[in-house]
Amino acid sequence: MVFLLISLTMMHLVTLVMLLIATLEKSWWIWDDLEITDLWYNCFHDNATNTWLCAATNESDWLQSVQALMVLSVVFSSISFLVFLGQLFTMSKGALFYFTGLCQAFAGFTTFSACLIFTFHRKEILSESRDLSQGRFGYCFILAWLCVPLLLVSGLLYVHLRKKQ
């Protein structure tokens, strides 16, 4: 049981870090490694100065929903971890971690929704950018998709985890 508790805690922390990276880093959509778009900025690589020049993204309703859902997933996963730590020390023996599991599962569903919206509405989100056929999804988008099953599985495990001591 201690091994399950430690591994679940580590999985939660790793997933939380992955969520933070997916939300804050600059790689949701990439065009030929010289232009990158994320949830917050459009960045261009300037070869003369060898730096990235970034400007705020054009706000669309779909982009705002993806931004809000990703921020919500980070918030719910953080709340879930803090509640788990609190329940670990204050909960009575034999009780289940229902609230922690529900918060974690909700974080998984919000990440899933954000990824689906970005997948199916990327033409509207990236409307003023170049041709989408020349671009590809970036590693932050892939990280967000990897977080979905991890969040849902950890939420399910939290619901079934029972405090022994």
# chains A, B, ... in the order shown; residues from 1 in each chain; ligands from 1

$ residues_around --residues "A:Glu35" --least-positions-apart "5" --cutoff "7 Å" --atoms "only C-alpha atoms" --output "VMD selection string"
chain A and resid 30 43 to 45

$ closest_atom_pairs --of "stretch 99-162 of chain A" --to "stretch 73-80 of chain A" --cutoff "6 Å" --atoms "only C-alpha atoms" --output "tab-separated table"
residue	atom	partner	partner_atom	distance
A:Thr100	CA	A:Ser80	CA	4.8
A:Cys103	CA	A:Ser80	CA	5.3
A:Gln104	CA	A:Ser77	CA	5.4
A:Ala107	CA	A:Ser73	CA	4.1
A:Thr110	CA	A:Ser73	CA	5.6
A:Thr111	CA	A:Ser73	CA	5.9

$ atom_distance --atom1 "atom CA of A:Ala56" --atom2 "atom CA of A:Ile125"
12.9 Å

$ atom_distance --atom1 "atom CA of A:Asp46" --atom2 "atom CA of A:Arg136"
20.2 Å

$ select_by_dssp --residues "stretch 31-136 of chain A" --states "strand (DSSP E)" --output "compact mmCIF listing (two decimals) with N, CA, C and O atoms, in the first residue's frame"
# COMPACT_ATOMS: atom_id res chain seq x y z
N TRP A 31 5.43 25.77 -37.45
CA TRP A 31 5.66 25.84 -38.88
C TRP A 31 7.17 25.81 -39.09
O TRP A 31 7.88 26.69 -38.61
N GLU A 35 8.56 29.38 -36.92
CA GLU A 35 7.38 30.05 -36.37
C GLU A 35 6.67 29.07 -35.45
O GLU A 35 6.41 27.93 -35.83
N ILE A 36 6.38 29.52 -34.25
CA ILE A 36 5.74 28.67 -33.24
C ILE A 36 4.56 29.42 -32.65
O ILE A 36 4.63 30.62 -32.38
N THR A 37 3.46 28.72 -32.45
CA THR A 37 2.28 29.30 -31.82
C THR A 37 1.92 28.47 -30.61
O THR A 37 1.94 27.24 -30.66
N TYR A 41 1.13 33.16 -27.25
CA TYR A 41 1.96 33.96 -28.15
C TYR A 41 2.16 33.29 -29.51
O TYR A 41 2.13 32.07 -29.62
N ASN A 42 2.42 34.15 -30.51
CA ASN A 42 2.95 33.71 -31.80
C ASN A 42 4.40 34.16 -31.82
O ASN A 42 4.69 35.34 -31.62
N CYS A 43 5.32 33.24 -32.07
CA CYS A 43 6.74 33.58 -32.03
C CYS A 43 7.39 33.27 -33.38
O CYS A 43 7.11 32.26 -33.99
N PHE A 44 8.28 34.16 -33.79
CA PHE A 44 9.05 34.01 -35.02
C PHE A 44 10.52 34.03 -34.67
O PHE A 44 10.96 34.82 -33.85
N HIS A 45 11.29 33.19 -35.34
CA HIS A 45 12.74 33.16 -35.10
C HIS A 45 13.41 34.15 -36.04
O HIS A 45 13.25 34.08 -37.25
N ASP A 46 14.15 35.07 -35.46
CA ASP A 46 14.89 36.06 -36.22
C ASP A 46 16.31 35.54 -36.41
O ASP A 46 17.08 35.46 -35.45
N THR A 51 17.23 35.21 -32.14
CA THR A 51 16.31 35.28 -31.01
C THR A 51 14.89 35.03 -31.49
O THR A 51 14.60 35.08 -32.69
N TRP A 52 14.02 34.76 -30.54
CA TRP A 52 12.61 34.59 -30.84
C TRP A 52 11.89 35.90 -30.58
O TRP A 52 12.03 36.49 -29.51
N LEU A 53 11.11 36.36 -31.54
CA LEU A 53 10.29 37.56 -31.41
C LEU A 53 8.84 37.11 -31.24
O LEU A 53 8.30 36.43 -32.11
N CYS A 54 8.25 37.48 -30.13
CA CYS A 54 6.90 37.00 -29.81
C CYS A 54 5.91 38.14 -29.72
O CYS A 54 6.24 39.22 -29.24
N ALA A 55 4.71 37.88 -30.17
CA ALA A 55 3.59 38.82 -30.06
C ALA A 55 2.39 38.06 -29.54
O ALA A 55 2.27 36.84 -29.72
N ALA A 56 1.51 38.76 -28.89
CA ALA A 56 0.31 38.12 -28.34
C ALA A 56 -0.53 37.52 -29.46
O ALA A 56 -0.60 38.05 -30.57
N GLY A 135 2.15 23.14 -41.33
CA GLY A 135 2.51 23.08 -39.92
C GLY A 135 2.19 21.71 -39.32
O GLY A 135 1.66 20.82 -39.97
N ARG A 136 2.55 21.61 -38.05
CA ARG A 136 2.29 20.37 -37.31
C ARG A 136 2.08 20.71 -35.83
O ARG A 136 2.43 21.79 -35.38
